[in-house]
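These notes are about the structure you will find just below.
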Amino acid sequence: MPITDFMHRLGCKSTKKRGKEVWFHAPYRSDSTPSFCVNTEKNIFNDFGTGVGGDIFTLAGLMINSGGFMAQARYIGEVTNNPIEQSESPKYEPEPALPQFTDVEVRPLNHPALLWYLRERGISSEIASANCVEIHYRPHDKNYFAVGFPNEDGGYEIRNRFFKGSIPPKAVSLIRQGSATVNVYEGFVDFLSGLTLGYGRTEDNLVLNSVSNKGKAYRHLDDYDLIKCWLDNDDAGKKCLKALQKRYGERVKDFSVVFRPCKDVNTNKQQTKSKLKL
């Protein structure tokens with residue numbers, strides 16, 4: 001599969017095309033200036049912001065933080081709706097891949113730099129601390145820390161001013177309030193923004209942590225009478241909304257109209273943050 005097609009499946013839009021080069025924002029980290037370049041002739045990418053490059057499997061590994069080939073292949077299959085089934089057990093025990101994250105430590109969210117990062121995005125410290133944790137970790141023998149948002153399988157979405165990624169396993173996050181209504185968000189920053197704006201505080205909330213995780217959300221969504229979708233105003237968000245509407249019909253309500261013409265809830269929140277005392 002062309003990496004450009006895979007990027008579009010991830011919901012990424014190209015920002016510039018020049019000959020055989022197509023530029024994007026890096027999908028696995030915060031990237032204010034597009035620095036992710038795909039060579040369409042060789043079907044490889046180069047992230048000039050980090051110096052990392054490779055083929056589509058390297059990209060999949062960066063998205064799920066895994067060096068395992070089968071894990072990368074399965075993720076590509078999930079994103080492209082071509083799931084890979086393992087027909088039989090391997091006849092040998094493969095050498096385990098070195099983890100990208102080591103010495104992971106989970107703490108209460110208190111670091112001033114992380115709370116300031118969230119406040120800059122219009123999210124109150126009170127709501128952030130109640131729903132997130134502080135993650136300290138060591139990739140490549142260097143110490144880092146980030147905001148962590150837990151999922152139901154024990155993994156974390158992690159964010160700071162310079163990095164966007166996840167600690168596997170990748171899964172959805174369900175925050176229960178005992179309601180028959182659930183609010184569905186693509187990412188946890190949008191979810192926190194919604195809470196700060198007052199949306200869904202007494203209702204259940206489900207964060208996909210990637211539109212490619214929608215299949216993992218079905219077992220939860222099947223039980224709700226009303227599904228409020230706060231999905232992004234882009235091709236990936238609209239495609240995910242249509243899939244949910246096809247499965248659940250009139251139980252699904254599109255709330256993206258609330259924050260149009262903004263791309264997502266957080267962009268809308270940042271534009272209104274001056275009206276809210278944080």
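Residue numbers start at 1 in each chain; chains themselves are named A, B, ... in the order of the structure tokens; ligands are numbered from 1 in the order shown.
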Shell around A:Lys13 at 10 Å using only C-alpha atoms, local window under 3 positions removed, as a VMD selection string = chain A and resid 4 7 to 10 16 23 to 25 234 to 236
Restricting the output to N, CA, C and O atoms, write the selected residues as a PDB file, in the first residue's frame.
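File part.pdb, as written:
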ATOM      1  N   THR A   4       1.154   7.204   1.258  1.00  0.00           N
ATOM      2  CA  THR A   4       0.223   8.339   1.176  1.00  0.00           C
ATOM      3  C   THR A   4      -1.210   7.876   1.396  1.00  0.00           C
ATOM      4  O   THR A   4      -1.995   8.548   2.086  1.00  0.00           O
ATOM      5  N   MET A   7      -1.641   7.182   5.090  1.00  0.00           N
ATOM      6  CA  MET A   7      -1.761   8.429   5.838  1.00  0.00           C
ATOM      7  C   MET A   7      -3.184   8.983   5.736  1.00  0.00           C
ATOM      8  O   MET A   7      -3.750   9.469   6.714  1.00  0.00           O
ATOM      9  N   HIS A   8      -3.768   8.884   4.553  1.00  0.00           N
ATOM     10  CA  HIS A   8      -5.141   9.363   4.386  1.00  0.00           C
ATOM     11  C   HIS A   8      -6.109   8.511   5.203  1.00  0.00           C
ATOM     12  O   HIS A   8      -7.071   9.040   5.776  1.00  0.00           O
ATOM     13  N   ARG A   9      -5.852   7.189   5.305  1.00  0.00           N
ATOM     14  CA  ARG A   9      -6.684   6.317   6.140  1.00  0.00           C
ATOM     15  C   ARG A   9      -6.578   6.704   7.613  1.00  0.00           C
ATOM     16  O   ARG A   9      -7.513   6.506   8.379  1.00  0.00           O
ATOM     17  N   LEU A  10      -5.437   7.250   8.002  1.00  0.00           N
ATOM     18  CA  LEU A  10      -5.237   7.703   9.379  1.00  0.00           C
ATOM     19  C   LEU A  10      -5.886   9.063   9.632  1.00  0.00           C
ATOM     20  O   LEU A  10      -5.889   9.552  10.758  1.00  0.00           O
ATOM     21  N   LYS A  16       1.537  19.697   1.207  1.00  0.00           N
ATOM     22  CA  LYS A  16       2.305  20.191   0.065  1.00  0.00           C
ATOM     23  C   LYS A  16       2.736  19.012  -0.795  1.00  0.00           C
ATOM     24  O   LYS A  16       3.058  17.940  -0.278  1.00  0.00           O
ATOM     25  N   TRP A  23       4.106  16.041   1.524  1.00  0.00           N
ATOM     26  CA  TRP A  23       4.379  16.429   2.903  1.00  0.00           C
ATOM     27  C   TRP A  23       3.125  16.370   3.757  1.00  0.00           C
ATOM     28  O   TRP A  23       2.032  16.716   3.317  1.00  0.00           O
ATOM     29  N   PHE A  24       3.307  15.928   5.006  1.00  0.00           N
ATOM     30  CA  PHE A  24       2.227  15.838   5.989  1.00  0.00           C
ATOM     31  C   PHE A  24       2.737  16.337   7.338  1.00  0.00           C
ATOM     32  O   PHE A  24       3.941  16.483   7.552  1.00  0.00           O
ATOM     33  N   HIS A  25       1.799  16.530   8.272  1.00  0.00           N
ATOM     34  CA  HIS A  25       2.158  16.620   9.672  1.00  0.00           C
ATOM     35  C   HIS A  25       2.403  15.199  10.169  1.00  0.00           C
ATOM     36  O   HIS A  25       1.658  14.277   9.817  1.00  0.00           O
ATOM     37  N   ASP A 234     -13.558  16.298   9.627  1.00  0.00           N
ATOM     38  CA  ASP A 234     -12.657  15.971   8.523  1.00  0.00           C
ATOM     39  C   ASP A 234     -13.114  14.649   7.918  1.00  0.00           C
ATOM     40  O   ASP A 234     -14.109  14.053   8.363  1.00  0.00           O
ATOM     41  N   ASP A 235     -12.409  14.184   6.890  1.00  0.00           N
ATOM     42  CA  ASP A 235     -12.842  12.981   6.175  1.00  0.00           C
ATOM     43  C   ASP A 235     -12.872  11.757   7.094  1.00  0.00           C
ATOM     44  O   ASP A 235     -13.807  10.956   7.038  1.00  0.00           O
ATOM     45  N   ALA A 236     -11.848  11.611   7.944  1.00  0.00           N
ATOM     46  CA  ALA A 236     -11.789  10.447   8.825  1.00  0.00           C
ATOM     47  C   ALA A 236     -12.933  10.478   9.842  1.00  0.00           C
ATOM     48  O   ALA A 236     -13.567   9.448  10.108  1.00  0.00           O
TER      49      ALA A 236
END
Excluding same-chain residues fewer than 5 positions from stretch 62-65 of chain A, what lies within 9 Å of it counting only C-alpha atoms, as JSON, numbers by chain?
-> {"A": [27, 28, 57, 71, 72, 75, 99, 100, 101, 165, 166, 167, 168, 169, 170]}
Take the residues from that selection and write them out as a compact mmCIF listing (two decimals), in the first residue's frame, keeping all heavy atoms.
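See part-v7.txt below for the written result:
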# COMPACT_ATOMS: atom_id res chain seq x y z
N PRO A 27 1.97 11.97 12.12
CA PRO A 27 0.74 11.52 12.80
C PRO A 27 0.96 11.02 14.22
O PRO A 27 -0.01 10.81 14.94
CB PRO A 27 0.25 10.39 11.89
CG PRO A 27 1.51 9.82 11.30
CD PRO A 27 2.43 11.00 11.11
N TYR A 28 2.21 10.80 14.65
CA TYR A 28 2.48 10.17 15.94
C TYR A 28 3.09 11.13 16.95
O TYR A 28 3.51 10.72 18.03
CB TYR A 28 3.43 8.98 15.75
CG TYR A 28 4.58 9.26 14.82
CD1 TYR A 28 5.71 9.95 15.25
CD2 TYR A 28 4.51 8.86 13.50
CE1 TYR A 28 6.73 10.25 14.39
CE2 TYR A 28 5.55 9.14 12.62
CZ TYR A 28 6.65 9.84 13.07
OH TYR A 28 7.66 10.13 12.19
N PHE A 57 5.80 -0.25 7.43
CA PHE A 57 5.84 -1.01 8.68
C PHE A 57 6.54 -0.19 9.77
O PHE A 57 6.15 -0.24 10.94
CB PHE A 57 6.55 -2.34 8.45
CG PHE A 57 5.79 -3.25 7.52
CD1 PHE A 57 6.14 -3.34 6.19
CD2 PHE A 57 4.72 -4.00 7.98
CE1 PHE A 57 5.44 -4.16 5.32
CE2 PHE A 57 4.01 -4.83 7.13
CZ PHE A 57 4.37 -4.91 5.79
N ALA A 71 2.73 -7.27 14.84
CA ALA A 71 1.93 -6.22 15.46
C ALA A 71 1.75 -5.05 14.49
O ALA A 71 0.67 -4.47 14.37
CB ALA A 71 2.59 -5.74 16.75
N GLN A 72 2.82 -4.72 13.77
CA GLN A 72 2.75 -3.65 12.78
C GLN A 72 1.80 -4.04 11.64
O GLN A 72 0.96 -3.24 11.20
CB GLN A 72 4.14 -3.36 12.22
CG GLN A 72 5.12 -2.83 13.26
CD GLN A 72 6.56 -2.86 12.78
OE1 GLN A 72 6.84 -3.29 11.66
NE2 GLN A 72 7.47 -2.41 13.63
N TYR A 75 -1.81 -3.86 12.71
CA TYR A 75 -2.28 -2.47 12.81
C TYR A 75 -2.60 -1.93 11.43
O TYR A 75 -3.63 -1.27 11.23
CB TYR A 75 -1.22 -1.61 13.49
CG TYR A 75 -1.61 -0.16 13.58
CD1 TYR A 75 -2.62 0.26 14.45
CD2 TYR A 75 -0.99 0.80 12.78
CE1 TYR A 75 -2.99 1.60 14.54
CE2 TYR A 75 -1.36 2.13 12.86
CZ TYR A 75 -2.35 2.53 13.74
OH TYR A 75 -2.72 3.85 13.80
N PRO A 99 11.58 -2.81 23.80
CA PRO A 99 10.50 -1.84 23.97
C PRO A 99 10.98 -0.43 23.70
O PRO A 99 12.12 -0.08 24.01
CB PRO A 99 10.10 -2.02 25.44
CG PRO A 99 11.34 -2.54 26.11
CD PRO A 99 12.01 -3.41 25.08
N GLN A 100 10.11 0.38 23.11
CA GLN A 100 10.47 1.76 22.84
C GLN A 100 10.42 2.58 24.12
O GLN A 100 11.14 3.56 24.28
CB GLN A 100 9.52 2.36 21.80
CG GLN A 100 9.92 3.77 21.37
CD GLN A 100 9.14 4.23 20.19
OE1 GLN A 100 8.45 3.45 19.54
NE2 GLN A 100 9.22 5.51 19.87
N PHE A 101 9.54 2.17 25.06
CA PHE A 101 9.41 2.87 26.33
C PHE A 101 9.89 1.96 27.45
O PHE A 101 9.43 0.82 27.58
CB PHE A 101 7.96 3.26 26.59
CG PHE A 101 7.42 4.26 25.60
CD1 PHE A 101 6.73 3.83 24.48
CD2 PHE A 101 7.61 5.61 25.80
CE1 PHE A 101 6.24 4.75 23.58
CE2 PHE A 101 7.12 6.54 24.90
CZ PHE A 101 6.43 6.11 23.78
N GLY A 165 1.93 10.41 21.14
CA GLY A 165 2.11 8.99 20.89
C GLY A 165 1.29 8.17 21.87
O GLY A 165 0.33 8.65 22.47
N SER A 166 1.67 6.91 22.03
CA SER A 166 0.93 6.04 22.94
C SER A 166 1.85 4.94 23.45
O SER A 166 2.80 4.55 22.78
CB SER A 166 -0.29 5.43 22.25
OG SER A 166 0.10 4.67 21.11
N ILE A 167 1.53 4.48 24.65
CA ILE A 167 2.19 3.32 25.23
C ILE A 167 1.24 2.14 25.06
O ILE A 167 0.12 2.19 25.58
CB ILE A 167 2.53 3.55 26.71
CG1 ILE A 167 3.54 4.70 26.85
CG2 ILE A 167 3.09 2.29 27.35
CD1 ILE A 167 3.86 5.08 28.28
N PRO A 168 1.61 1.11 24.32
CA PRO A 168 0.69 0.02 24.04
C PRO A 168 0.32 -0.76 25.29
O PRO A 168 1.03 -0.68 26.30
CB PRO A 168 1.49 -0.84 23.05
CG PRO A 168 2.93 -0.53 23.32
CD PRO A 168 2.95 0.91 23.75
N PRO A 169 -0.84 -1.49 25.18
CA PRO A 169 -1.66 -1.73 24.00
C PRO A 169 -2.59 -0.56 23.69
O PRO A 169 -2.98 0.19 24.57
CB PRO A 169 -2.46 -2.97 24.38
CG PRO A 169 -2.58 -2.89 25.86
CD PRO A 169 -1.28 -2.30 26.35
N LYS A 170 -2.95 -0.45 22.41
CA LYS A 170 -3.85 0.59 21.96
C LYS A 170 -5.29 0.11 22.16
O LYS A 170 -5.64 -1.01 21.77
CB LYS A 170 -3.60 0.87 20.48
CG LYS A 170 -4.28 2.11 19.93
CD LYS A 170 -3.43 3.32 20.11
CE LYS A 170 -4.01 4.50 19.33
NZ LYS A 170 -3.25 5.74 19.58
Determine, counting only C-alpha atoms, which protein, DNA and RNA residues have an atom within 6 Å of an atom of stretch 189-200 of chain A; residues of the same chain fewer than 6 positions away are not included. Present the result as a list in words.
-> Ile123, Val265 and Asn266 of chain A
Store the residues of this selection in a file with C-alpha atoms, as a PDB file, in the first residue's frame.
ATOM      1  CA  ILE A 123      -8.319  22.676  29.598  1.00  0.00           C
ATOM      2  CA  VAL A 265     -13.772  20.315  20.052  1.00  0.00           C
ATOM      3  CA  ASN A 266     -10.375  21.433  21.330  1.00  0.00           C
TER       4      ASN A 266
END
Within 10 Å of A:Asn209, counting only C-alpha atoms, which residues qualify if same-chain residues fewer than 4 places away don't, as number ranges by chain?
-> A: 149-151, 156-157, 166, 170-173, 185-189, 213-214
DSSP-assigned alpha helix (DSSP H) among stretch 11-171 of chain A, expressed as a ChimeraX atom specification = /A:56-64,69-79,112-120,125-131
Contact residues around A:Lys228 with only C-alpha atoms at 10 Å, ignoring same-chain residues under 4 positions, as JSON, numbers by chain | {"A": [181, 182, 183, 184, 185, 200, 205, 206, 251, 252, 253, 254, 255, 256]}
Keeping only N, CA and C atoms, write the selected residues to a file as a short mmCIF file (atom, residue, chain, number, x, y, z; two decimals), in the first residue's frame.
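Produced file out_34.cif, reproduced below:
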data_model
loop_
_atom_site.label_atom_id
_atom_site.label_comp_id
_atom_site.auth_asym_id
_atom_site.auth_seq_id
_atom_site.Cartn_x
_atom_site.Cartn_y
_atom_site.Cartn_z
N THR A 181 -26.77 7.36 28.07
CA THR A 181 -26.24 8.19 26.99
C THR A 181 -24.73 8.20 27.06
N VAL A 182 -24.09 8.13 25.89
CA VAL A 182 -22.64 8.16 25.84
C VAL A 182 -22.18 9.19 24.82
N ASN A 183 -21.14 9.94 25.17
CA ASN A 183 -20.50 10.90 24.26
C ASN A 183 -19.25 10.25 23.68
N VAL A 184 -19.10 10.29 22.37
CA VAL A 184 -17.98 9.64 21.69
C VAL A 184 -17.03 10.70 21.14
N TYR A 185 -15.76 10.62 21.52
CA TYR A 185 -14.72 11.53 21.06
C TYR A 185 -13.61 10.73 20.37
N GLY A 200 -21.51 16.59 28.71
CA GLY A 200 -21.46 15.20 29.13
C GLY A 200 -20.91 14.94 30.51
N ASN A 205 -18.79 8.66 28.82
CA ASN A 205 -17.94 9.18 27.74
C ASN A 205 -17.03 8.08 27.24
N LEU A 206 -16.92 7.97 25.93
CA LEU A 206 -16.04 6.97 25.32
C LEU A 206 -15.07 7.68 24.38
N ARG A 251 -30.08 6.10 16.84
CA ARG A 251 -29.48 6.25 18.17
C ARG A 251 -28.26 7.16 18.14
N VAL A 252 -27.70 7.37 16.95
CA VAL A 252 -26.51 8.21 16.79
C VAL A 252 -26.91 9.63 16.45
N LYS A 253 -26.39 10.61 17.20
CA LYS A 253 -26.62 12.02 16.92
C LYS A 253 -25.29 12.70 16.66
N ASP A 254 -25.24 13.49 15.59
CA ASP A 254 -24.01 14.19 15.20
C ASP A 254 -23.94 15.53 15.90
N PHE A 255 -22.96 15.68 16.81
CA PHE A 255 -22.79 16.93 17.54
C PHE A 255 -21.62 17.76 16.99
N SER A 256 -21.07 17.37 15.86
CA SER A 256 -19.98 18.16 15.28
C SER A 256 -20.47 19.53 14.84
#
Per DSSP on the backbone, filter stretch 21-253 of chain A down to the residues in strand (DSSP E or B) and report them as a PyMOL selection string.
-> chain A and resi 21-24+36-39+44-47+52-54+102-108+133-138+144-150+156-159+164-167+173-175+181-185+204-207+226-229+252-253
Residue nearest A:Ser30 among A:Lys42, A:Lys142, A:Arg159, A:Lys17 (counting only C-alpha atoms) |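 Comparing A:Lys42, A:Lys142, A:Arg159, A:Lys17 against A:Ser30, the winner is A:Arg159.
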